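Undergrad: My questions all concern the structure below.
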Amino acid sequence: MKPNKRLIIFLLVAILGISFSYYAYQIVYTPNILVGMDDRLLIVEEGSTFKDIQRKLHEGRIVNDLVSFSFLAKLTGYASELKPGRYILRSNMTNIQALKILRSGKQEPVKVTFNNVRLIPELAERITKNLGMKPEEFEAALIKFAMHNSYGFTKDNVMAMFIPNTYEVYYNVTPEALIERMHSEYENFWTEERKEKAKEVGLTPIEVSVLASIVQAETINAAEAPIIAGLYMNRLKKGIALQADPTLVFAVGDFTLKRVLNVHKQIDSPYNTYMYPGLPPGPINMPEIRSLNAVLNYTPSNYYYMCAKEDFSGNHNFTNSYEEHMKNAARYQKALTIEQQKGAALREKR
């Protein structure tokens, strides 16, 4: 081969090598993710394919050069080993940086918050809102847990296991793992000190939750909660029916009910605390920590009766006299009737 041909071949190989090296450098080290844009969330669902990820990256304008990303993804093995989860991709990431996160499965935690729920289906909707599981999957797992656990929880009282708070979990957590996590949080809440307080007031932790749910439904005034808890403790100790209207509302299943009537008191339900003395079989809502503490630290008194004040402040009149209680109730019922008549008159004018 003549020297000129050798030189030309050498130059071509060198140029190709330099070009390939430059392109390889660009593929690995040049920013290609969200260039000039804000950080963004990427969710990889269970059962996703690499084509699904490519489509998300392209349609979401997350990747500038999809070809280079795809090439490196296949080269590193990510294309065939997707890890479901919730990932944060940062602005101006390189392909290799993004793939390192996606391949490691290092997810961004999801904040799970739940409160103001009464029934298991409501809890399932709330707790799975930002997770990969469906509400019905969580509900089925929770019912199964309630039927087979050894902790004393049943379908009626399992809501007591959920302490309203904000928790961090991963997007692809399984229903079973989430339930176990909630049980661990329940155990963390019920310290030896709290268990001892429950024992002192004569209740189990689950019974504390049941009573706390009634107290919570009775008042929005945190200062009144320990007083109401003390009133109900007096009734429990004497074997007097609680006669708590919120438990009747729960038994009826109409949570818009404003006035409990005598007809409601005839409903044969374990939640009818007019008909059956003692606590109902489970909480009527998910009591918050302050309501649980109100029961554990209830205010001792000689009160057995209470009635909402006629000024609709949300506060109550307390007494140990049935005669005085009936007078309080008559004043409240009269004020409530007047308010309802005013409301009806306004609706007619419209």
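Identifiers for the structure tokens are assigned positionally: chains receive A, B, ... in sequence, residues are indexed from 1 per chain, and ligands are indexed from 1 in the order shown.
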I need the residues of region 152-271 of chain A that end up classed as strand (DSSP E) by DSSP on the backbone, written out as a list in words.

TA: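 Taking region 152-271 of chain A and keeping strand (DSSP E) only, one gets Thr166, Tyr167, Glu168 and Val169 of chain A.
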
Undergrad: Set the distance at 6 Å and use only C-alpha atoms: which residues neighbour region 210-221 of chain A once local chain neighbours fewer than 3 positions away are removed? I'd like the list as a ChimeraX atom specification.

TA: /A:207,224,282-285,287,291-292

Undergrad: Hey, what does DSSP flag as helix (DSSP H, G or I) within region 231-329 of chain A? Can you give it to me as number ranges by chain?

TA: A: 231-238, 245-252, 264-266, 289-296, 322-329

Undergrad: May I have the residues within 12 Å of Met147 (chain A) as a list in words, using only C-alpha atoms and disregarding those fewer than 6 positions away in the same chain?

TA: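 Here the answer would be Ala140, Ala141, Phe153, Thr154, Lys155, Asp156, Asn157 and Val158 of chain A.
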
Undergrad: Those same residues, written as a short mmCIF file (atom, residue, chain, number, x, y, z; two decimals), in the first residue's frame with C-alpha atoms?

TA:
data_model
loop_
_atom_site.label_atom_id
_atom_site.label_comp_id
_atom_site.auth_asym_id
_atom_site.auth_seq_id
_atom_site.Cartn_x
_atom_site.Cartn_y
_atom_site.Cartn_z
CA ALA A 140 -59.13 -5.91 50.29
CA ALA A 141 -55.73 -6.23 52.01
CA PHE A 153 -58.08 -5.78 65.38
CA THR A 154 -61.35 -6.65 63.66
CA LYS A 155 -63.21 -5.23 60.68
CA ASP A 156 -65.18 -3.07 63.12
CA ASN A 157 -62.23 -1.58 65.01
CA VAL A 158 -59.31 -1.71 62.56
#

Undergrad: Just want the 9 Å neighbourhood of region 101-112 of chain A, counted on only C-alpha atoms, with same-chain residues fewer than 5 positions away dropped. Output as a PyMOL selection string.

TA: chain A and resi 41+76-78+81-89+96+126-131+165-171

Undergrad: Within 10 Å of region 90-94 of chain A, counting only C-alpha atoms, which residues qualify if same-chain residues fewer than 3 places away don't, as a ChimeraX atom specification?

TA: /A:26-41,62-63,69,87,97-100

Undergrad: Print the selection's residues with C-alpha atoms to a file, as a CSV table (one decimal), in the first residue's frame.

TA:
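Output file selection_27.csv follows:
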chain,number,residue,atom,x,y,z
A,26,GLN,CA,-21.9,13.8,24.7
A,27,ILE,CA,-24.1,10.8,25.3
A,28,VAL,CA,-22.7,10.3,28.8
A,29,TYR,CA,-21.7,13.7,30.1
A,30,THR,CA,-23.7,16.4,28.2
A,31,PRO,CA,-26.9,17.6,29.9
A,32,ASN,CA,-29.8,16.0,28.2
A,33,ILE,CA,-32.5,15.9,30.9
A,34,LEU,CA,-34.8,18.9,31.4
A,35,VAL,CA,-32.3,21.3,29.9
A,36,GLY,CA,-33.1,24.8,31.1
A,37,MET,CA,-36.3,23.5,32.8
A,38,ASP,CA,-37.4,22.9,36.3
A,39,ASP,CA,-37.1,19.6,38.1
A,40,ARG,CA,-39.9,17.2,37.4
A,41,LEU,CA,-41.5,14.0,38.7
A,62,ILE,CA,-38.1,15.7,29.5
A,63,VAL,CA,-35.3,14.5,27.2
A,69,PHE,CA,-30.8,8.3,26.1
A,87,TYR,CA,-38.5,9.5,40.8
A,97,GLN,CA,-27.0,10.7,36.0
A,98,ALA,CA,-30.7,10.1,35.2
A,99,LEU,CA,-30.1,6.4,34.5
A,100,LYS,CA,-28.1,6.0,37.7

Undergrad: Within 9 Å of Ser269 (chain A), counting only C-alpha atoms, which residues qualify if same-chain residues fewer than 6 places away don't, as a tab-separated table (two decimals) with C-alpha atoms, in the first residue's frame?

TA:
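Okay, result01.tsv is ready:
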chain	number	residue	atom	x	y	z
A	248	LEU	CA	-76.66	7.01	66.12
A	251	ALA	CA	-75.66	3.67	62.76
A	252	VAL	CA	-78.07	5.47	60.39
A	275	MET	CA	-80.17	0.96	73.15
A	276	TYR	CA	-76.91	-0.74	74.18

Undergrad: Give me, as a tab-separated table, the closest atom pair and its distance (Å, one decimal) for every residue of region 209-254 of chain A within a cut-off of 10 Å of region 297-302 of chain A, counting only C-alpha atoms, rows sorted by chain and rising number.

TA:
residue	atom	partner	partner_atom	distance
A:Glu224	CA	A:Thr299	CA	9.3
A:Ala225	CA	A:Tyr298	CA	7.9
A:Pro226	CA	A:Tyr298	CA	4.2
A:Ile227	CA	A:Thr299	CA	5.0
A:Ile228	CA	A:Tyr298	CA	7.9
A:Ala229	CA	A:Tyr298	CA	5.5
A:Gly230	CA	A:Tyr298	CA	5.0
A:Leu231	CA	A:Ser301	CA	7.0
A:Tyr232	CA	A:Tyr298	CA	9.7
A:Met233	CA	A:Tyr298	CA	8.4
A:Asn234	CA	A:Asn302	CA	7.4

Undergrad: Identify which of the residues A:Lys309, A:Glu192, A:Tyr303, A:Leu279 lies closest to Ala244 (chain A), counting only C-alpha atoms when measuring atom-to-atom distances.

TA: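 That would be A:Leu279, the residue with the smallest distance to Ala244 (chain A).
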
Undergrad: Please, what distance in Å, to one decimal, runs between CA of Ala198 (chain A) and CA of Ala223 (chain A)?

TA: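 Value for the CA of Ala198 (chain A)-CA of Ala223 (chain A) distance: 20.2 Å.
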
Undergrad: What does the distance between CA of Glu176 (chain A) and CA of Ala146 (chain A) come to in Å, to one decimal place?

TA: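 Going from CA of Glu176 (chain A) over to CA of Ala146 (chain A), I get 11.7 Å.
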
Undergrad: Select, from A:Phe71, A:Phe255, A:Tyr304, A:Tyr271, the residue with the minimum atom-to-atom distance to Lys237 (chain A), counting only C-alpha atoms.

TA: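 Among A:Phe71, A:Phe255, A:Tyr304, A:Tyr271, it is A:Tyr304 that comes nearest to Lys237 (chain A).
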
Undergrad: Would you please work out which residue, of A:Leu57, A:Leu296, A:Val249, A:Ile206, is nearest to Ile267 (chain A) when using only C-alpha atoms?

TA: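 Selected residue with least distance to Ile267 (chain A): A:Val249.
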
Undergrad: Measuring atom to atom with only C-alpha atoms, identify which of A:His148, A:Lys197, A:Lys51, A:His58 is nearest to Ala294 (chain A).

TA: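 Ranked by minimum distance to Ala294 (chain A), first place goes to A:Lys197.
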
Undergrad: For Glu122 (chain A), which of A:Glu187, A:Glu180, A:Asp254, A:Glu139 is the closest residue, counting only C-alpha atoms?

TA: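 Selected residue with least distance to Glu122 (chain A): A:Glu139.
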
Undergrad: So how far away is CA of Ser209 (chain A) from CA of Pro277 (chain A), in Å?

TA: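 Between these atoms lies a distance of 17.2 Å.
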